[in-house]
file run.cif (mmCIF, C-alpha atoms (C1' of nucleotides))
data_entry
loop_
_atom_site.label_atom_id
_atom_site.label_comp_id
_atom_site.auth_asym_id
_atom_site.auth_seq_id
_atom_site.Cartn_x
_atom_site.Cartn_y
_atom_site.Cartn_z
CA MET V 29 0.00 0.00 0.00
CA ASN V 30 3.03 2.21 -0.18
CA VAL V 31 2.49 5.22 -2.36
CA SER V 32 5.00 4.92 -5.20
CA ARG V 33 7.31 7.76 -6.04
CA LYS V 34 5.60 8.07 -9.39
CA CYS V 35 2.33 8.59 -7.59
CA GLN V 36 3.86 11.16 -5.27
CA TYR V 37 5.06 13.02 -8.35
CA ALA V 38 1.54 12.87 -9.76
CA LEU V 39 0.09 14.26 -6.54
CA ARG V 40 2.63 17.06 -6.41
CA ALA V 41 1.95 17.92 -10.03
CA ILE V 42 -1.78 18.09 -9.44
CA TYR V 43 -1.15 20.11 -6.31
CA GLU V 44 0.98 22.54 -8.27
CA LEU V 45 -1.72 22.93 -10.92
CA SER V 46 -4.29 23.43 -8.17
CA SER V 47 -2.31 26.26 -6.71
CA ARG V 48 -2.08 27.91 -10.13
CA LEU V 49 -5.77 27.73 -10.86
CA GLY V 50 -6.95 30.29 -13.39
CA ALA V 51 -3.44 31.30 -14.38
CA GLY V 52 -3.43 29.61 -17.78
CA PRO V 53 -1.50 26.49 -18.79
CA THR V 54 1.65 25.50 -16.92
CA SER V 55 4.43 23.79 -18.82
CA VAL V 56 5.93 20.46 -17.87
CA ALA V 57 9.31 22.13 -17.45
CA GLU V 58 7.87 24.65 -15.01
CA ILE V 59 6.16 22.03 -12.84
CA ALA V 60 9.22 19.79 -12.95
CA SER V 61 11.45 22.62 -11.88
CA VAL V 62 9.30 23.85 -9.00
CA GLN V 63 8.49 20.39 -7.70
CA ALA V 64 11.89 18.81 -8.38
CA ILE V 65 10.57 16.05 -10.61
CA PRO V 66 12.56 14.49 -13.49
CA PRO V 67 11.05 16.35 -16.48
CA ARG V 68 10.74 13.49 -18.93
CA PHE V 69 9.23 11.30 -16.28
CA LEU V 70 6.75 13.99 -15.38
CA GLU V 71 5.79 14.31 -19.02
CA LEU V 72 4.87 10.64 -18.92
CA ILE V 73 2.86 11.04 -15.75
CA LEU V 74 0.94 14.09 -16.94
CA ARG V 75 -0.01 12.33 -20.15
CA GLN V 76 -1.41 9.49 -18.07
CA LEU V 77 -3.33 11.91 -15.87
CA ARG V 78 -4.75 13.53 -18.96
CA GLN V 79 -6.04 10.20 -20.23
CA GLY V 80 -7.69 9.76 -16.86
CA GLY V 81 -9.47 13.07 -17.32
CA PHE V 82 -7.80 14.80 -14.39
CA VAL V 83 -5.97 17.42 -16.45
CA GLU V 84 -6.22 19.05 -19.85
CA SER V 85 -3.41 20.08 -22.15
CA ARG V 86 -2.76 23.01 -24.46
CA ARG V 87 -0.19 22.52 -27.17
CA GLY V 88 2.14 24.97 -28.83
CA VAL V 89 4.10 27.90 -27.55
CA SER V 90 2.98 28.98 -24.08
CA GLY V 91 1.05 25.74 -23.81
CA GLY V 92 1.04 23.34 -20.89
CA TYR V 93 -1.34 21.62 -18.53
CA LEU V 94 -4.43 22.74 -16.67
CA LEU V 95 -6.54 21.16 -14.00
CA SER V 96 -9.80 20.01 -15.58
CA VAL V 97 -11.63 19.75 -12.25
CA PRO V 98 -11.87 22.26 -9.40
CA PRO V 99 -9.46 21.39 -6.56
CA ARG V 100 -12.36 21.27 -4.14
CA SER V 101 -13.95 18.31 -5.93
CA LEU V 102 -10.79 16.35 -6.64
CA ASN V 103 -9.56 14.10 -3.88
CA VAL V 104 -6.25 12.42 -3.33
CA GLY V 105 -7.74 8.93 -3.31
CA ALA V 106 -8.82 9.21 -6.94
CA ILE V 107 -5.27 9.98 -8.06
CA ILE V 108 -3.68 7.28 -5.94
CA ARG V 109 -6.06 4.62 -7.25
CA PHE V 110 -5.53 5.81 -10.81
CA ILE V 111 -1.74 5.65 -10.62
CA ASP V 112 -1.04 2.91 -8.08
CA GLY V 113 -4.19 0.80 -8.25
CA PRO V 114 -6.48 -0.31 -5.43
CA ILE V 115 -5.79 0.95 -1.92
CA GLY V 116 -5.18 -1.70 0.71
CA PRO V 117 -2.45 -3.37 2.77
CA VAL V 118 -2.69 -6.70 0.95
CA GLN V 119 -3.91 -7.91 -2.44
CA CYS V 120 -6.43 -10.00 -0.62
CA THR V 121 -8.70 -7.12 0.25
CA ASN V 122 -8.80 -6.04 -3.37
CA ARG V 123 -11.44 -8.10 -5.11
CA ASN V 124 -9.44 -10.18 -7.51
CA ASP V 125 -6.99 -12.44 -5.80
CA GLU V 126 -9.69 -14.77 -4.55
CA ALA V 127 -7.41 -17.81 -4.54
CA PHE V 128 -5.12 -16.13 -2.10
CA CYS V 129 -8.02 -14.99 0.07
CA SER V 130 -9.61 -18.39 0.34
CA LEU V 131 -6.55 -19.61 2.18
CA GLU V 132 -7.55 -21.04 5.51
CA GLY V 133 -4.89 -19.24 7.50
CA GLU V 134 -5.72 -15.89 5.98
CA ARG V 135 -9.27 -15.84 7.30
CA ALA V 136 -8.28 -14.65 10.75
CA PHE V 137 -6.61 -11.57 9.25
CA MET V 138 -9.31 -10.44 6.85
CA GLY V 139 -11.08 -8.25 9.37
CA MET V 140 -7.90 -6.44 10.25
CA TRP V 141 -6.87 -5.92 6.63
CA SER V 142 -10.30 -4.50 5.89
CA ARG V 143 -10.16 -2.10 8.79
CA VAL V 144 -6.78 -0.84 7.65
CA ARG V 145 -7.92 -0.45 4.06
CA ASP V 146 -11.02 1.46 5.13
CA ALA V 147 -9.10 3.73 7.46
CA VAL V 148 -6.56 4.60 4.79
CA ALA V 149 -9.15 5.08 2.08
CA ALA V 150 -11.14 7.35 4.38
CA VAL V 151 -8.20 9.70 4.79
CA TYR V 152 -7.34 9.80 1.10
CA ASP V 153 -10.92 10.10 -0.09
CA GLU V 154 -11.71 12.90 2.31
CA THR V 155 -8.65 14.95 1.44
CA THR V 156 -9.18 17.25 -1.53
CA PHE V 157 -6.46 19.28 -3.18
CA GLN V 158 -8.14 22.40 -1.86
CA ASP V 159 -7.66 20.90 1.61
CA LEU V 160 -3.96 20.50 0.88
CA ILE V 161 -3.64 24.11 -0.17
CA ASP V 162 -5.56 25.27 2.90
CA GLU V 163 -3.55 23.03 5.18
CA LYS V 164 -0.27 24.32 3.88
CA ASN V 165 -1.35 27.92 4.35
CA ALA V 166 -2.31 27.05 7.93
CA THR V 167 1.35 26.03 8.42
CA GLY V 168 0.39 22.41 8.85
CA GLN V 169 -1.04 22.68 12.35
CA TYR V 170 -4.36 21.15 11.40
CA VAL V 171 -4.94 17.57 12.49
CA GLY V 172 -8.20 16.03 11.44
CA SER V 173 -10.14 13.28 13.13
CA TYR V 174 -11.21 10.22 11.23
CA CYS V 175 -13.35 7.40 12.57
CA ILE V 176 -14.44 4.17 10.98
CA MET P 17 2.91 0.54 3.35
CA ASN P 18 2.04 -2.73 1.69
CA VAL P 19 2.56 -5.70 3.90
CA SER P 20 5.04 -7.93 2.06
CA ARG P 21 4.28 -11.56 1.46
CA LYS P 22 7.18 -12.46 3.70
CA CYS P 23 5.56 -10.51 6.49
CA GLN P 24 2.21 -12.16 5.89
CA TYR P 25 3.97 -15.49 6.20
CA ALA P 26 5.50 -14.35 9.47
CA LEU P 27 2.11 -13.28 10.80
CA ARG P 28 0.49 -16.56 9.81
CA ALA P 29 3.33 -18.49 11.44
CA ILE P 30 2.98 -16.56 14.67
CA TYR P 31 -0.76 -17.00 14.49
CA GLU P 32 -0.32 -20.73 14.07
CA LEU P 33 2.01 -20.91 17.05
CA SER P 34 -0.47 -18.85 19.05
CA SER P 35 -3.22 -21.33 18.36
CA ARG P 36 -0.97 -24.18 19.51
CA LEU P 37 0.01 -22.58 22.76
CA GLY P 38 1.18 -25.06 25.40
CA ALA P 39 1.35 -27.96 22.95
CA GLY P 40 5.15 -28.18 22.73
CA PRO P 41 7.35 -27.15 19.81
CA THR P 42 5.94 -27.08 16.28
CA SER P 43 8.27 -27.90 13.40
CA VAL P 44 8.80 -25.67 10.41
CA ALA P 45 7.44 -28.40 8.15
CA GLU P 46 4.21 -28.58 10.13
CA ILE P 47 3.60 -24.85 10.08
CA ALA P 48 4.55 -24.64 6.42
CA SER P 49 2.11 -27.40 5.57
CA VAL P 50 -0.85 -26.04 7.51
CA GLN P 51 -0.34 -22.43 6.42
CA ALA P 52 0.77 -23.18 2.86
CA ILE P 53 4.11 -21.38 3.14
CA PRO P 54 7.23 -22.40 1.16
CA PRO P 55 9.13 -24.41 3.82
CA ARG P 56 12.64 -23.17 3.20
CA PHE P 57 11.44 -19.61 3.11
CA LEU P 58 9.55 -20.10 6.36
CA GLU P 59 12.71 -21.48 7.92
CA LEU P 60 14.41 -18.19 7.12
CA ILE P 61 11.54 -16.19 8.53
CA LEU P 62 11.31 -18.13 11.79
CA ARG P 63 15.01 -17.80 12.35
CA GLN P 64 14.63 -14.06 11.93
CA LEU P 65 11.69 -13.98 14.33
CA ARG P 66 13.79 -15.89 16.83
CA GLN P 67 16.53 -13.30 16.67
CA GLY P 68 13.87 -10.71 17.35
CA GLY P 69 12.84 -12.56 20.49
CA PHE P 70 9.32 -13.36 19.32
CA VAL P 71 9.78 -17.13 19.24
CA GLU P 72 12.07 -19.73 20.78
CA SER P 73 13.48 -22.80 19.11
CA ARG P 74 14.23 -26.35 20.17
CA ARG P 75 16.73 -28.23 18.03
CA GLY P 76 16.87 -31.92 17.29
CA VAL P 77 14.18 -34.55 16.97
CA SER P 78 10.72 -33.37 17.95
CA GLY P 79 12.11 -29.87 18.03
CA GLY P 80 10.55 -26.85 16.49
CA TYR P 81 9.37 -23.39 17.43
CA LEU P 82 7.39 -21.99 20.33
CA LEU P 83 5.89 -18.62 21.01
CA SER P 84 8.02 -16.87 23.61
CA VAL P 85 5.33 -14.35 24.53
CA PRO P 86 1.65 -14.87 25.37
CA PRO P 87 -0.62 -14.11 22.36
CA ARG P 88 -2.49 -11.55 24.43
CA SER P 89 0.58 -9.37 24.79
CA LEU P 90 1.92 -9.71 21.27
CA ASN P 91 0.47 -7.36 18.69
CA VAL P 92 0.56 -7.42 14.93
CA GLY P 93 2.31 -4.07 14.66
CA ALA P 94 5.42 -5.37 16.38
CA ILE P 95 5.82 -8.16 13.82
CA ILE P 96 5.13 -5.93 10.84
CA ARG P 97 7.69 -3.36 11.97
CA PHE P 98 10.24 -6.08 12.66
CA ILE P 99 9.89 -7.71 9.25
CA ASP P 100 8.93 -4.84 6.95
CA GLY P 101 10.31 -1.83 8.78
CA PRO P 102 8.51 1.36 9.77
CA ILE P 103 4.79 1.63 9.09
CA GLY P 104 3.75 4.49 6.85
CA PRO P 105 2.61 5.34 3.31
CA VAL P 106 5.83 7.14 2.37
CA GLN P 107 9.45 7.14 3.54
CA CYS P 108 9.00 10.74 4.46
CA THR P 109 6.97 10.05 7.58
CA ASN P 110 9.64 7.68 8.86
CA ARG P 111 12.26 9.77 10.57
CA ASN P 112 15.27 9.28 8.36
CA ASP P 113 14.75 10.56 4.87
CA GLU P 114 14.90 14.18 5.93
CA ALA P 115 16.23 15.34 2.57
CA PHE P 116 13.15 14.07 0.87
CA CYS P 117 10.89 15.59 3.50
CA SER P 118 12.39 19.01 3.34
CA LEU P 119 11.22 19.32 -0.23
CA GLU P 120 9.04 22.37 -0.58
CA GLY P 121 6.27 20.61 -2.47
CA GLU P 122 6.06 17.78 0.01
CA ARG P 123 5.09 20.02 2.90
CA ALA P 124 1.44 20.20 1.95
CA PHE P 125 1.17 16.41 2.13
CA MET P 126 2.89 15.77 5.44
CA GLY P 127 -0.25 16.10 7.51
CA MET P 128 -2.10 13.61 5.36
CA TRP P 129 0.74 11.10 5.37
CA SER P 130 0.91 11.34 9.13
CA ARG P 131 -2.80 10.78 9.54
CA VAL P 132 -2.63 7.69 7.37
CA ARG P 133 0.38 6.35 9.22
CA ASP P 134 -1.28 6.88 12.59
CA ALA P 135 -4.55 5.31 11.50
CA VAL P 136 -2.80 2.22 10.17
CA ALA P 137 -0.48 1.90 13.16
CA ALA P 138 -3.46 2.19 15.50
CA VAL P 139 -5.14 -0.82 13.92
CA TYR P 140 -2.00 -2.94 13.89
CA ASP P 141 -0.88 -1.98 17.37
CA GLU P 142 -4.28 -2.66 18.90
CA THR P 143 -4.66 -6.07 17.33
CA THR P 144 -3.10 -8.88 19.36
CA PHE P 145 -2.79 -12.46 18.19
CA GLN P 146 -5.32 -13.41 20.82
CA ASP P 147 -7.71 -10.99 19.11
CA LEU P 148 -7.12 -12.77 15.82
CA ILE P 149 -7.94 -16.13 17.35
CA ASP P 150 -11.05 -14.73 18.99
CA GLU P 151 -12.13 -12.99 15.83
CA LYS P 152 -11.81 -16.13 13.77
CA ASN P 153 -13.86 -18.13 16.26
CA ALA P 154 -16.53 -15.46 16.07
CA THR P 155 -16.75 -16.25 12.32
CA GLY P 156 -15.35 -12.88 11.43
CA GLN P 157 -18.44 -10.82 12.18
CA TYR P 158 -16.66 -8.51 14.55
CA VAL P 159 -15.86 -5.07 13.28
CA GLY P 160 -13.97 -2.83 15.62
CA SER P 161 -14.00 0.93 15.81
CA TYR P 162 -10.80 2.90 15.76
CA CYS P 163 -10.49 6.63 16.10
CA ILE P 164 -7.49 8.90 15.92
"C1'" DC F 155 6.56 29.98 -43.99
"C1'" DC F 156 9.37 28.35 -40.26
"C1'" DA F 157 11.48 27.67 -36.17
"C1'" DA F 158 10.71 27.27 -31.39
"C1'" DT F 159 8.07 25.13 -28.13
"C1'" DA F 160 5.10 21.81 -26.43
"C1'" DC F 161 2.77 17.37 -26.48
"C1'" DC F 162 2.61 12.11 -27.90
"C1'" DA F 163 3.98 7.11 -28.02
"C1'" DT F 164 6.78 3.34 -27.48
"C1'" DA F 165 10.57 0.98 -26.06
"C1'" DC F 166 14.44 0.29 -23.31
"C1'" DT F 167 17.56 -0.06 -19.24
"C1'" DA F 168 19.54 0.18 -14.68
"C1'" DA F 169 18.75 -0.38 -10.04
"C1'" DT F 170 16.39 -2.22 -6.26
"C1'" DA F 171 13.36 -5.09 -3.73
"C1'" DT F 172 11.18 -9.27 -3.21
"C1'" DG F 173 10.57 -14.14 -3.02
"C1'" DA F 174 12.59 -18.28 -2.66
"C1'" DT F 175 16.18 -21.99 -2.80
"C1'" DC F 176 20.59 -24.74 -1.86
"C1'" DG F 177 24.02 -27.48 0.54
"C1'" DG F 178 25.63 -28.60 4.42
"C1'" DA F 179 26.78 -28.16 9.63
"C1'" DA F 180 25.15 -28.45 14.47
"C1'" DT F 181 22.01 -30.51 17.78
"C1'" DA F 182 19.24 -33.63 20.37
"C1'" DA F 183 15.91 -37.60 21.21
"C1'" DT F 184 15.49 -42.45 20.65
"C1'" DA H 209 24.31 -44.50 15.35
"C1'" DT H 210 20.38 -42.82 13.18
"C1'" DT H 211 17.16 -39.61 12.14
"C1'" DA H 212 14.59 -35.47 12.57
"C1'" DT H 213 15.17 -31.14 13.25
"C1'" DT H 214 17.11 -26.30 13.59
"C1'" DC H 215 20.94 -23.25 12.08
"C1'" DC H 216 23.99 -20.65 8.80
"C1'" DG H 217 25.65 -18.24 4.82
"C1'" DA H 218 25.31 -17.65 0.29
"C1'" DT H 219 23.01 -17.45 -3.92
"C1'" DC H 220 19.62 -17.33 -7.49
"C1'" DA H 221 15.43 -15.70 -9.93
"C1'" DT H 222 11.98 -12.66 -10.90
"C1'" DA H 223 9.17 -8.57 -10.58
"C1'" DT H 224 8.71 -3.87 -9.82
"C1'" DT H 225 10.21 0.66 -9.87
"C1'" DA H 226 12.28 4.70 -11.55
"C1'" DG H 227 13.91 6.93 -15.00
"C1'" DT H 228 15.90 7.61 -19.93
"C1'" DA H 229 16.08 7.49 -24.97
"C1'" DT H 230 14.39 7.95 -29.36
"C1'" DG H 231 11.66 9.75 -32.64
"C1'" DG H 232 8.14 11.70 -33.66
"C1'" DT H 233 3.47 15.13 -34.22
"C1'" DA H 234 0.85 19.32 -33.32
"C1'" DT H 235 0.52 24.34 -32.42
"C1'" DT H 236 1.62 28.97 -32.34
"C1'" DG H 237 4.30 33.48 -32.58
"C1'" DG H 238 6.73 36.15 -35.60
#
call {"tool": "encode", "arguments": {"input": "run.cif", "output": "structure tokens"}}
result
Amino acid sequence: MNVSRKCQYALRAIYELSSRLGAGPTSVAEIASVQAIPPRFLELILRQLRQGGFVESRRGVSGGYLLSVPPRSLNVGAIIRFIDGPIGPVQCTNRNDEAFCSLEGERAFMGMWSRVRDAVAAVYDETTFQDLIDEKNATGQYVGSYCI
Amino acid sequence: MNVSRKCQYALRAIYELSSRLGAGPTSVAEIASVQAIPPRFLELILRQLRQGGFVESRRGVSGGYLLSVPPRSLNVGAIIRFIDGPIGPVQCTNRNDEAFCSLEGERAFMGMWSRVRDAVAAVYDETTFQDLIDEKNATGQYVGSYCI
DNA sequence: CCAATACCATACTAATATGATCGGAATAAT
DNA sequence: ATTATTCCGATCATATTAGTATGGTATTGG
């Protein structure tokens, strides 16, 4: 359930675009520079995010990328799932590896894995990019409370 | 923050030993068979767990492994940390990769990463192996509530 | 037009982590 | 002594990750 570096790059890129809302397209080079992301790699990531409908692109001189959704209605969980796949501590809690799940010894752990998955998903799904911007401006003192 | 397969093996092994409490040593072959774990790999894992003080070993005929701590006072978090290292969605929240953390763009995310880490750790640290045995006997209907 | 700038697509590679195995030595119960 | 078992160090194999390379195609300002 680790968030891959690629995904962290994606999140930072989206965050950067969120903070530049309404300022026209931002180039890959600009985002890469500000967020310290390998430019070619970022190009790859942004293309993928575009195919997922999270960003739009403008070609040509003074082109770049724009957020295609307001930061308030875009949450972190959507990006993480899109880049890294299902959220959860083990494959077992992600509906596909049934063979693995059916293992006798695994049954005792299923409840715990589910609780972890739900707790993590709750945090990611309830954190929008607007929240991230707000939180940063509040110098990171805010600590939310999440119950499952 | 994914729990590696190796770690899942370790947890299942400890769980198996927990359920056989007071029944003398259990051999690697026996545990491997019941829990469907590659035997040689399990051997490696149990040795490691022994060095961590979680289990004891008896050599020779009718030897094997025993839990060295009562299941009630051994929690899942301890095993996961021992096998997989610090719990957390990114390296950044584990006090060592300061260079990575100090990155300007990462600041906005720190609060979220911390909340995820704490939520996950809470579940793991509050689940003992006795809980797992109880939960299984209760046919897995139990769903706990965890707040941070 | 045309040259600069940006996006697009695929393939490739290097490094790292993970998962698992091997051969044999030490130990202890019978 | 024999046999079942743990113990030890090394090694292999594979998958994933992270990032690069190459070679385009589209758009726009001048």
call {"tool": "resolve_selection", "arguments": {"input": "run.cif", "expression": "the PyMOL selection byres ((chain F) within 10 of (chain P))", "output": "PyMOL selection string"}}
result
chain F and resi 172-176+180-184
call {"tool": "write_last_selection", "arguments": {"input": "run.cif", "atoms": "C-alpha atoms (C1' of nucleotides)", "output": "PDB file, in the coordinates of the input"}}
result
ATOM      1  C1'  DT F 172      11.180  -9.270  -3.210  1.00  0.00           C
ATOM      2  C1'  DG F 173      10.570 -14.140  -3.020  1.00  0.00           C
ATOM      3  C1'  DA F 174      12.590 -18.280  -2.660  1.00  0.00           C
ATOM      4  C1'  DT F 175      16.180 -21.990  -2.800  1.00  0.00           C
ATOM      5  C1'  DC F 176      20.590 -24.740  -1.860  1.00  0.00           C
ATOM      6  C1'  DA F 180      25.150 -28.450  14.470  1.00  0.00           C
ATOM      7  C1'  DT F 181      22.010 -30.510  17.780  1.00  0.00           C
ATOM      8  C1'  DA F 182      19.240 -33.630  20.370  1.00  0.00           C
ATOM      9  C1'  DA F 183      15.910 -37.600  21.210  1.00  0.00           C
ATOM     10  C1'  DT F 184      15.490 -42.450  20.650  1.00  0.00           C
TER      11       DT F 184
END
call {"tool": "closest_residue", "arguments": {"input": "run.cif", "among": "V:Glu84, V:Asp112, V:Ile65, V:Ala106", "to": "H:DT225", "atoms": "all atoms listed in the file"}}
result
V:Asp112
call {"tool": "closest_residue", "arguments": {"input": "run.cif", "among": "H:DT210, H:DT219, H:DT228, H:DG238", "to": "chain V", "atoms": "all atoms listed in the file"}}
result
H:DT228
call {"tool": "atom_distance", "arguments": {"input": "run.cif", "atom1": "atom CA of P:Ser89", "atom2": "atom CA of P:Gly101"}}
result
20.2 Å
call {"tool": "interface_residues", "arguments": {"input": "run.cif", "of": "chain H", "to": "chain V", "cutoff": "9 Å", "atoms": "only C-alpha atoms (C1' of nucleotides)", "output": "mmCIF file with C-alpha atoms (C1' of nucleotides), in the coordinates of the input"}}
result
data_model
loop_
_atom_site.group_PDB
_atom_site.id
_atom_site.type_symbol
_atom_site.label_atom_id
_atom_site.label_comp_id
_atom_site.auth_asym_id
_atom_site.auth_seq_id
_atom_site.Cartn_x
_atom_site.Cartn_y
_atom_site.Cartn_z
ATOM 1 C "C1'" DT H 225 10.210 0.660 -9.870
ATOM 2 C "C1'" DA H 226 12.280 4.700 -11.550
ATOM 3 C "C1'" DG H 227 13.910 6.930 -15.000
ATOM 4 C "C1'" DT H 228 15.900 7.610 -19.930
ATOM 5 C "C1'" DA H 234 0.850 19.320 -33.320
ATOM 6 C "C1'" DT H 235 0.520 24.340 -32.420
ATOM 7 C "C1'" DT H 236 1.620 28.970 -32.340
ATOM 8 C "C1'" DG H 237 4.300 33.480 -32.580
#
call {"tool": "closest_residue", "arguments": {"input": "run.cif", "among": "V:Gln119, V:Asn165, V:Ser46, V:Asn103", "to": "V:Val151", "atoms": "all atoms listed in the file"}}
result
V:Asn103
call {"tool": "closest_residue", "arguments": {"input": "run.cif", "among": "P:Phe98, P:Arg66, P:Glu46, P:Gln51", "to": "chain V", "atoms": "all atoms listed in the file"}}
result
P:Gln51
call {"tool": "atom_distance", "arguments": {"input": "run.cif", "atom1": "atom CA of P:Leu90", "atom2": "atom CA of P:Phe145"}}
result
6.3 Å
call {"tool": "residues_around", "arguments": {"input": "run.cif", "residues": "P:Ile96", "least_positions_apart": "5", "cutoff": "8 Å", "atoms": "only C-alpha atoms (C1' of nucleotides)", "output": "ChimeraX atom specification"}}
result
/P:19,23,27,101,103
call {"tool": "write_last_selection", "arguments": {"input": "run.cif", "atoms": "C-alpha atoms", "output": "compact mmCIF listing (two decimals), in the frame of the given file"}}
result
# COMPACT_ATOMS: atom_id res chain seq x y z
CA VAL P 19 2.56 -5.70 3.90
CA CYS P 23 5.56 -10.51 6.49
CA LEU P 27 2.11 -13.28 10.80
CA GLY P 101 10.31 -1.83 8.78
CA ILE P 103 4.79 1.63 9.09
call {"tool": "residues_near_point", "arguments": {"input": "run.cif", "point": "(25.1, -19.3, 8.0)", "cutoff": "10 Å", "atoms": "only C-alpha atoms (C1' of nucleotides)", "output": "VMD selection string"}}
result
(chain F and resid 178 to 179) or (chain H and resid 215 to 218)
call {"tool": "resolve_selection", "arguments": {"input": "run.cif", "expression": "the PyMOL selection byres ((chain V and resi 48) around 12)", "output": "list in words"}}
result
Ala41, Ile42, Tyr43, Glu44, Leu45, Ser46, Ser47, Leu49, Gly50, Ala51, Gly52, Pro53, Thr54, Ser55, Glu58, Ile59, Tyr93, Leu94, Leu95, Pro98, Pro99, Phe157, Gln158 and Ile161 of chain V
call {"tool": "atom_distance", "arguments": {"input": "run.cif", "atom1": "atom CA of V:Val56", "atom2": "atom CA of V:Gly92"}}
result
6.4 Å
call {"tool": "closest_residue", "arguments": {"input": "run.cif", "among": "P:Val50, P:Ile95, P:Val85, P:Leu62", "to": "chain V", "atoms": "all atoms listed in the file"}}
result
P:Val50
call {"tool": "build_atoms", "arguments": {"input": "run.cif", "residues": "stretch 89-100 of chain V", "atoms": "N, CA, C and O atoms", "output": "PDB file, in the coordinates of the input"}}
result
ATOM      1  N   VAL V  89       3.391  26.929 -28.376  1.00  0.00           N
ATOM      2  CA  VAL V  89       4.100  27.900 -27.550  1.00  0.00           C
ATOM      3  C   VAL V  89       3.180  28.416 -26.443  1.00  0.00           C
ATOM      4  O   VAL V  89       2.011  28.650 -26.680  1.00  0.00           O
ATOM      5  N   SER V  90       3.729  28.561 -25.275  1.00  0.00           N
ATOM      6  CA  SER V  90       2.980  28.980 -24.080  1.00  0.00           C
ATOM      7  C   SER V  90       1.828  28.031 -23.784  1.00  0.00           C
ATOM      8  O   SER V  90       0.811  28.434 -23.236  1.00  0.00           O
ATOM      9  N   GLY V  91       2.022  26.761 -24.166  1.00  0.00           N
ATOM     10  CA  GLY V  91       1.050  25.740 -23.810  1.00  0.00           C
ATOM     11  C   GLY V  91       1.387  25.136 -22.468  1.00  0.00           C
ATOM     12  O   GLY V  91       2.190  25.669 -21.708  1.00  0.00           O
ATOM     13  N   GLY V  92       0.776  23.994 -22.167  1.00  0.00           N
ATOM     14  CA  GLY V  92       1.040  23.340 -20.890  1.00  0.00           C
ATOM     15  C   GLY V  92      -0.180  22.583 -20.401  1.00  0.00           C
ATOM     16  O   GLY V  92      -1.054  22.225 -21.188  1.00  0.00           O
ATOM     17  N   TYR V  93      -0.224  22.372 -19.113  1.00  0.00           N
ATOM     18  CA  TYR V  93      -1.340  21.620 -18.530  1.00  0.00           C
ATOM     19  C   TYR V  93      -2.195  22.468 -17.620  1.00  0.00           C
ATOM     20  O   TYR V  93      -1.710  23.423 -16.996  1.00  0.00           O
ATOM     21  N   LEU V  94      -3.480  22.092 -17.562  1.00  0.00           N
ATOM     22  CA  LEU V  94      -4.430  22.740 -16.670  1.00  0.00           C
ATOM     23  C   LEU V  94      -5.228  21.685 -15.939  1.00  0.00           C
ATOM     24  O   LEU V  94      -5.503  20.614 -16.491  1.00  0.00           O
ATOM     25  N   LEU V  95      -5.646  22.020 -14.738  1.00  0.00           N
ATOM     26  CA  LEU V  95      -6.540  21.160 -14.000  1.00  0.00           C
ATOM     27  C   LEU V  95      -7.904  21.176 -14.689  1.00  0.00           C
ATOM     28  O   LEU V  95      -8.402  22.241 -15.041  1.00  0.00           O
ATOM     29  N   SER V  96      -8.508  20.028 -14.908  1.00  0.00           N
ATOM     30  CA  SER V  96      -9.800  20.010 -15.580  1.00  0.00           C
ATOM     31  C   SER V  96     -10.955  19.858 -14.585  1.00  0.00           C
ATOM     32  O   SER V  96     -12.096  19.713 -14.966  1.00  0.00           O
ATOM     33  N   VAL V  97     -10.625  19.885 -13.314  1.00  0.00           N
ATOM     34  CA  VAL V  97     -11.630  19.750 -12.250  1.00  0.00           C
ATOM     35  C   VAL V  97     -11.256  20.722 -11.148  1.00  0.00           C
ATOM     36  O   VAL V  97     -10.073  20.895 -10.874  1.00  0.00           O
ATOM     37  N   PRO V  98     -12.219  21.366 -10.513  1.00  0.00           N
ATOM     38  CA  PRO V  98     -11.870  22.260  -9.400  1.00  0.00           C
ATOM     39  C   PRO V  98     -11.231  21.491  -8.252  1.00  0.00           C
ATOM     40  O   PRO V  98     -11.672  20.378  -7.945  1.00  0.00           O
ATOM     41  N   PRO V  99     -10.206  22.066  -7.629  1.00  0.00           N
ATOM     42  CA  PRO V  99      -9.460  21.390  -6.560  1.00  0.00           C
ATOM     43  C   PRO V  99     -10.349  20.939  -5.414  1.00  0.00           C
ATOM     44  O   PRO V  99     -10.016  19.992  -4.704  1.00  0.00           O
ATOM     45  N   ARG V 100     -11.464  21.611  -5.249  1.00  0.00           N
ATOM     46  CA  ARG V 100     -12.360  21.270  -4.140  1.00  0.00           C
ATOM     47  C   ARG V 100     -13.032  19.911  -4.384  1.00  0.00           C
ATOM     48  O   ARG V 100     -13.357  19.192  -3.447  1.00  0.00           O
TER      49      ARG V 100
END
